[in-house]
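**Student:** Data file protein26.txt (compact mmCIF, C-alpha atoms and all ligand atoms) is appended below.
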```
# COMPACT_ATOMS: atom_id res chain seq x y z
CA MET X 6 -30.00 -18.93 22.69
CA ALA X 7 -32.43 -16.00 22.89
CA GLU X 8 -33.61 -14.46 19.63
CA VAL X 9 -32.76 -10.77 19.12
CA THR X 10 -34.69 -8.65 16.64
CA VAL X 11 -32.99 -5.69 14.99
CA THR X 12 -34.09 -3.18 12.36
CA MET X 13 -31.33 -3.08 9.80
CA ASP X 14 -31.57 -0.60 6.95
CA GLY X 15 -35.34 -0.42 7.44
CA SER X 16 -35.97 -4.19 7.49
CA GLN X 17 -36.45 -6.54 10.42
CA ALA X 18 -33.65 -9.02 10.97
CA SER X 19 -33.53 -11.73 13.61
CA GLY X 20 -30.31 -12.84 15.21
CA ARG X 21 -29.12 -14.63 18.29
CA GLU X 22 -27.85 -13.21 21.55
CA GLY X 23 -24.10 -12.56 21.33
CA MET X 24 -24.03 -11.96 17.58
CA THR X 25 -22.38 -8.81 16.31
CA ILE X 26 -23.99 -6.31 13.94
CA LEU X 27 -21.55 -7.46 11.26
CA GLU X 28 -22.49 -11.13 11.65
CA LEU X 29 -26.19 -10.31 11.43
CA ALA X 30 -25.59 -8.14 8.36
CA GLN X 31 -23.63 -10.93 6.68
CA GLU X 32 -26.36 -13.44 7.49
CA ASN X 33 -28.81 -11.11 5.77
CA GLY X 34 -26.69 -10.54 2.67
CA ILE X 35 -25.63 -7.00 3.61
CA ASP X 36 -22.03 -6.28 2.69
CA ILE X 37 -20.06 -4.26 5.24
CA PRO X 38 -16.37 -3.78 4.40
CA THR X 39 -13.82 -5.05 6.92
CA LEU X 40 -10.05 -4.92 7.21
CA CYS X 41 -8.91 -5.96 10.67
CA TYR X 42 -11.79 -8.41 11.14
CA ARG X 43 -11.53 -12.07 10.21
CA PRO X 44 -14.10 -14.61 11.37
CA GLU X 45 -11.37 -17.00 12.56
CA LEU X 46 -9.77 -14.38 14.85
CA PRO X 47 -10.97 -12.47 17.92
CA PRO X 48 -12.13 -8.97 16.88
CA VAL X 49 -9.91 -6.03 17.85
CA GLY X 50 -11.74 -3.07 16.30
CA ALA X 51 -8.51 -1.60 14.97
CA CYS X 52 -9.39 -0.21 11.55
CA ARG X 53 -12.92 1.29 11.86
CA ILE X 54 -13.81 0.59 8.24
CA CYS X 55 -16.83 -1.44 9.39
CA VAL X 56 -18.59 1.42 11.18
CA VAL X 57 -22.39 1.69 11.10
CA GLU X 58 -24.98 4.07 12.52
CA VAL X 59 -26.99 2.92 15.54
CA GLU X 60 -29.96 5.02 16.62
CA GLY X 61 -29.34 6.53 20.05
CA SER X 62 -25.57 6.29 19.78
CA ARG X 63 -23.70 9.61 19.56
CA THR X 64 -20.92 8.09 17.49
CA LEU X 65 -20.70 5.49 14.76
CA VAL X 66 -19.93 2.04 16.11
CA GLY X 67 -17.66 -0.72 14.85
CA SER X 68 -19.99 -3.43 13.60
CA CYS X 69 -17.38 -6.21 13.91
CA HIS X 70 -17.25 -5.99 17.68
CA THR X 71 -20.61 -4.45 18.69
CA PRO X 72 -23.23 -6.99 19.76
CA ILE X 73 -26.81 -6.68 18.60
CA THR X 74 -29.41 -5.77 21.19
CA GLN X 75 -33.18 -6.22 21.21
CA GLY X 76 -34.90 -3.42 19.26
CA MET X 77 -31.64 -1.94 17.92
CA VAL X 78 -32.08 0.23 14.82
CA THR X 79 -29.02 0.39 12.60
CA TYR X 80 -28.04 1.80 9.21
CA THR X 81 -25.15 0.14 7.44
CA HIS X 82 -24.88 2.37 4.35
CA SER X 83 -26.16 5.80 5.36
CA PRO X 84 -24.42 8.89 3.85
CA LYS X 85 -22.64 9.48 7.17
CA VAL X 86 -21.41 5.89 7.28
CA LEU X 87 -20.17 5.93 3.69
CA GLU X 88 -18.39 9.25 4.14
CA THR X 89 -16.66 7.98 7.30
CA ARG X 90 -15.54 4.79 5.55
CA ARG X 91 -14.14 6.86 2.69
CA ILE X 92 -12.17 9.00 5.13
CA VAL X 93 -10.82 5.90 6.90
CA VAL X 94 -9.62 4.48 3.57
CA GLU X 95 -8.18 7.82 2.47
CA LEU X 96 -6.21 8.11 5.69
CA LEU X 97 -4.88 4.59 5.30
CA LEU X 98 -3.88 5.27 1.70
CA ALA X 99 -2.38 8.64 2.58
CA SER X 100 -0.11 7.12 5.21
CA HIS X 101 0.68 4.11 3.00
CA CYS X 102 3.80 3.98 0.86
CA GLY X 103 3.37 5.05 -2.77
CA THR X 104 4.30 1.78 -4.44
CA CYS X 105 0.83 0.27 -4.85
CA PHE X 106 1.14 0.14 -8.64
CA VAL X 107 4.13 -2.19 -8.46
CA CYS X 108 3.00 -4.24 -5.49
CA GLU X 109 2.96 -7.98 -6.05
CA LYS X 110 -0.31 -8.26 -4.07
CA ALA X 111 -2.03 -5.43 -5.95
CA ASN X 112 -4.64 -7.69 -7.47
CA VAL X 113 -5.57 -9.28 -4.17
CA CYS X 114 -5.00 -6.32 -1.85
CA GLU X 115 -8.09 -5.85 0.30
CA LEU X 116 -7.28 -2.19 0.96
CA ARG X 117 -7.26 -1.43 -2.78
CA LYS X 118 -10.47 -3.37 -3.32
CA ILE X 119 -12.28 -1.48 -0.57
CA ALA X 120 -10.94 1.82 -1.91
CA ALA X 121 -12.30 0.93 -5.35
CA ASP X 122 -15.68 -0.17 -3.94
CA LEU X 123 -15.99 3.13 -2.06
CA GLU X 124 -14.83 5.06 -5.14
CA VAL X 125 -11.86 6.48 -3.29
CA GLY X 126 -9.16 7.70 -5.65
CA LEU X 127 -6.01 9.58 -4.75
CA PRO X 128 -6.16 10.65 -1.10
CA ARG X 129 -6.94 14.32 -0.42
CA PHE X 130 -4.78 14.34 2.68
CA GLN X 131 -1.06 14.86 2.95
CA MET X 132 0.36 12.68 5.71
CA ARG X 133 3.70 11.51 6.92
CA LYS X 134 4.37 8.08 5.53
CA ARG X 135 6.01 5.25 7.38
CA TYR X 136 9.05 3.89 5.60
CA TYR X 137 10.84 0.78 6.82
CA PRO X 138 13.55 -1.28 5.18
CA ILE X 139 12.35 -4.53 3.68
CA GLU X 140 13.06 -7.52 5.90
CA ASP X 141 14.22 -10.34 3.66
CA ILE X 142 16.46 -12.32 6.02
CA SER X 143 13.92 -15.07 6.64
CA PRO X 144 13.74 -17.71 3.89
CA TYR X 145 10.05 -18.13 4.75
CA VAL X 146 8.45 -14.71 5.18
CA GLN X 147 9.38 -11.28 3.83
CA ARG X 148 8.07 -8.15 5.50
CA ASP X 149 7.63 -4.76 3.89
CA LEU X 150 6.18 -2.81 6.79
CA SER X 151 5.85 0.37 4.70
CA LYS X 152 2.71 -1.36 3.41
CA CYS X 153 1.43 -2.36 6.84
CA ILE X 154 -1.91 -0.88 7.92
CA LEU X 155 -1.60 -2.16 11.51
CA CYS X 156 -4.66 -4.35 11.28
CA ARG X 157 -3.00 -6.84 13.66
CA ARG X 158 -4.25 -9.84 11.73
CA CYS X 159 -0.74 -11.30 11.58
CA VAL X 160 -0.32 -10.89 15.33
CA ARG X 161 -3.55 -12.76 16.08
CA ALA X 162 -3.15 -15.38 13.32
CA CYS X 163 0.37 -16.30 14.43
CA ARG X 164 -0.73 -16.53 18.03
CA ASP X 165 -4.17 -18.15 17.68
CA ILE X 166 -3.82 -20.24 14.51
CA ALA X 167 -0.09 -20.97 14.05
CA ARG X 168 0.26 -21.10 17.87
CA GLN X 169 3.64 -19.34 17.78
CA ASP X 170 3.17 -15.75 19.00
CA VAL X 171 6.03 -14.32 16.95
CA PHE X 172 4.60 -10.79 16.59
CA ALA X 173 3.63 -8.00 18.95
CA ILE X 174 2.61 -4.36 18.59
CA ALA X 175 5.19 -1.89 19.91
CA TYR X 176 5.50 1.89 20.20
CA ARG X 177 2.63 4.37 20.14
CA GLY X 178 0.77 6.61 17.73
CA PHE X 179 2.51 7.22 14.41
CA SER X 180 5.41 4.99 15.49
CA SER X 181 3.20 1.95 16.18
CA LYS X 182 4.70 -1.10 14.55
CA VAL X 183 4.36 -4.88 14.37
CA VAL X 184 7.62 -6.08 15.90
CA VAL X 185 9.44 -9.35 16.41
CA ASP X 186 11.20 -9.73 19.77
CA PHE X 187 12.80 -6.37 20.61
CA ASP X 188 12.12 -4.97 17.14
CA GLN X 189 14.42 -7.38 15.31
CA PRO X 190 14.01 -8.40 11.65
CA LEU X 191 11.86 -11.52 11.28
CA ASP X 192 14.05 -14.61 11.08
CA LYS X 193 12.49 -17.57 12.87
CA ASP X 194 12.83 -21.29 12.25
CA VAL X 195 9.22 -21.77 13.41
CA CYS X 196 8.15 -20.07 10.17
CA ARG X 197 9.35 -23.05 8.14
CA ASP X 198 6.34 -24.69 6.48
CA CYS X 199 4.04 -21.97 7.86
CA ASP X 200 2.66 -19.06 5.93
CA VAL X 201 -0.35 -18.38 8.10
CA CYS X 202 0.49 -14.71 8.63
CA ILE X 203 1.04 -14.18 4.90
CA SER X 204 -2.36 -15.58 4.08
CA PHE X 205 -4.01 -13.31 6.66
CA CYS X 206 -2.28 -10.06 5.68
CA PRO X 207 -4.71 -7.88 3.69
CA THR X 208 -1.97 -5.84 1.98
CA GLY X 209 1.47 -6.42 0.48
CA ALA X 210 3.21 -6.14 3.85
CA LEU X 211 3.81 -9.88 4.17
CA SER X 212 4.83 -12.09 1.27
CA LYS X 213 6.73 -15.18 0.40
CA PRO X 214 10.44 -14.45 -0.18
CA GLY X 215 11.45 -13.15 -3.55
CA HIS X 216 8.15 -11.49 -4.33
CA ILE X 217 8.24 -8.05 -2.82
CA GLY X 218 10.29 -4.93 -2.76
CA GLU X 219 11.79 -4.93 -6.23
CA GLU X 220 11.11 -1.18 -6.28
CA LYS X 221 13.28 -0.75 -3.21
CA LYS X 222 16.10 -3.04 -4.22
CA GLY X 223 17.10 -0.89 -7.17
CA LYS X 224 15.92 -3.42 -9.74
CA PRO X 225 14.20 -2.07 -12.86
CA LEU X 226 10.45 -1.75 -12.54
CA ILE X 227 8.27 -3.30 -15.17
CA VAL X 228 4.71 -2.03 -15.03
CA THR X 229 2.28 -3.75 -17.32
CA GLY X 230 -1.36 -3.11 -18.11
S1 LIG O 301 5.13 -17.87 9.27
FE1 LIG O 301 3.80 -18.77 10.86
S2 LIG O 301 5.13 -18.89 12.68
FE2 LIG O 301 6.13 -17.48 11.27
S3 LIG O 301 5.43 -15.46 11.87
FE3 LIG O 301 4.04 -16.17 10.26
S4 LIG O 301 2.34 -17.16 11.32
FE4 LIG O 301 4.01 -16.93 12.80
S1 LIG O 302 1.75 -6.93 8.46
FE1 LIG O 302 -0.18 -7.23 7.34
S2 LIG O 302 -1.45 -8.45 8.72
FE2 LIG O 302 0.20 -7.60 9.96
S3 LIG O 302 -0.64 -5.71 10.83
FE3 LIG O 302 0.44 -5.17 8.94
S4 LIG O 302 -1.12 -5.19 7.34
FE4 LIG O 302 -1.96 -6.28 9.09
S1 LIG O 303 -13.23 -4.47 10.59
FE1 LIG O 303 -14.27 -3.63 12.30
S2 LIG O 303 -12.87 -2.27 13.17
FE2 LIG O 303 -11.73 -3.23 11.55
```
Would you give me this structure, written as structure tokens?
**Tutor:**
Amino acid sequence: MAEVTVTMDGSQASGREGMTILELAQENGIDIPTLCYRPELPPVGACRICVVEVEGSRTLVGSCHTPITQGMVTYTHSPKVLETRRIVVELLLASHCGTCFVCEKANVCELRKIAADLEVGLPRFQMRKRYYPIEDISPYVQRDLSKCILCRRCVRACRDIARQDVFAIAYRGFSSKVVVDFDQPLDKDVCRDCDVCISFCPTGALSKPGHIGEEKKGKPLIVTG
């Protein structure tokens, strides 16, 4: 495979034809945050948290799905890049439900970790929030789509790794949603002994039954720490 040389943050980096900017950065120890990307899944470029600057490009580009080219000059942590990533996170947090403090996945939530890394606190923006009832019919997977950031990891993981294709994206714009069949609550026998989608979800939107939504079920909240 042909070697491709790129200037990344002022240093020369050599990759192979077909590699993305993100893969080359990772190979060179440069940390670019990602949300919708997972190495096991085909990239979709849904979240835009991984944007970088490329000389000659009018707009920032998504590093997870942009291939490197010979002589490319890219900046992964320029002020413009960092400010854009902060805005992306703020918008996600602003449209997210306000129950992060009592979320069972708080300590492992990738959205919260990226927000902390980028020093994003309370969002400056006021946005409509999506509220959905918790789906707890399935004995295998619970969904709290108020916490969904539409990264589509569950859609791809169920299809490409669990080989079941239970999920799809429906509706447009603000109403976009991960649906099952014709927007029915998740309740599938194929989910028995499978928690692939749960392990791929970067937020508290998917969990094992009995672990989410206490705040919405009228049970007393116990906040520690
Ligand atoms: S538990 Fe497995 S089969 Fe069920 S929706 Fe998730 S990934 Fe698909
Ligand atoms: S449910 Fe989780 S994995 Fe699926 S799109 Fe929403 S945040 Fe992503
Ligand atoms: S991680 Fe690249 S667009 Fe989401």
**Student:** Counting only C-alpha atoms, what is within 12 Å of range 160-169 of chain X, bar same-chain residues fewer than 5 positions away, as a count of residues only?
**Tutor:** 31
**Student:** Using CA of Asp14 in chain X and CA of Ala51 in chain X as the two end points, give the distance in Å to one decimal.
**Tutor:** 24.4 Å
**Student:** For ligand LIG 303 (chain O), which residue out of X:Thr12, X:Thr25, X:Thr39, X:Gln131 is the nearest one, using all atoms listed in the file?
**Tutor:** X:Thr39
**Student:** Which one of X:Ser151, X:Ser16, X:Thr89, X:Ser180 sits closest to ligand LIG 302 (chain O) if you count all atoms listed in the file?
**Tutor:** X:Ser151
**Student:** Interatomic distance between CA of Gly76 in chain X and CA of Gly61 in chain X?
**Tutor:** 11.4 Å
**Student:** Please give the centre and size of the box around ligand LIG 303 (chain O) (axis-aligned, containing every atom listed in the file, 4 Å added per side), with values in Å to one decimal and written as lines of an AutoDock Vina configuration file.
**Tutor:**
```
center_x = -13.0
center_y = -3.4
center_z = 11.9
size_x = 10.5
size_y = 10.2
size_z = 10.6
```
**Student:** Quick one: residues within 9 Å of His82 in chain X, only C-alpha atoms, excluding same-chain residues fewer than 5 positions away - as a ChimeraX atom specification?
**Tutor:** /X:14,37,57-58,87
**Student:** Listing only residues of chain X within 7 Å of ligand LIG 303 (chain O), what is the closest atom pair and its distance in Å (to one decimal) for each, using all atoms listed in the file, sorted by chain and residue number ascending, as a tab-separated table?
**Tutor:**
```
residue	atom	partner	partner_atom	distance
X:Pro38	CA	O:LIG303	S1	7.0
X:Thr39	CA	O:LIG303	S1	3.8
X:Leu40	CA	O:LIG303	S1	4.7
X:Cys41	CA	O:LIG303	FE2	4.0
X:Tyr42	CA	O:LIG303	S1	4.2
X:Val49	CA	O:LIG303	S2	6.7
X:Gly50	CA	O:LIG303	S2	3.4
X:Ala51	CA	O:LIG303	S2	4.8
X:Cys52	CA	O:LIG303	FE2	3.8
X:Arg53	CA	O:LIG303	S2	3.8
X:Ile54	CA	O:LIG303	FE2	5.5
X:Cys55	CA	O:LIG303	FE1	4.5
X:Val56	CA	O:LIG303	FE1	6.7
X:Gly67	CA	O:LIG303	FE1	5.1
X:Ser68	CA	O:LIG303	FE1	5.9
X:Cys69	CA	O:LIG303	FE1	4.3
X:His70	CA	O:LIG303	FE1	6.6
```
**Student:** What is the CA of Pro138 in chain X to CA of Pro190 in chain X distance in Å?
**Tutor:** 9.6 Å
**Student:** Using only C-alpha atoms, which of the listed residues (X:Leu96, X:Ile73, X:Met13, X:Leu191) sits closest to Tyr145 in chain X?
**Tutor:**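 Checking each candidate against Tyr145 in chain X, we get X:Leu191 as the closest.
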**Student:** Using all atoms listed in the file, can you tell me which of X:Val86, X:Val9, X:Ala173, X:Met24 comes closest to Val66 in chain X?
**Tutor:** X:Val86
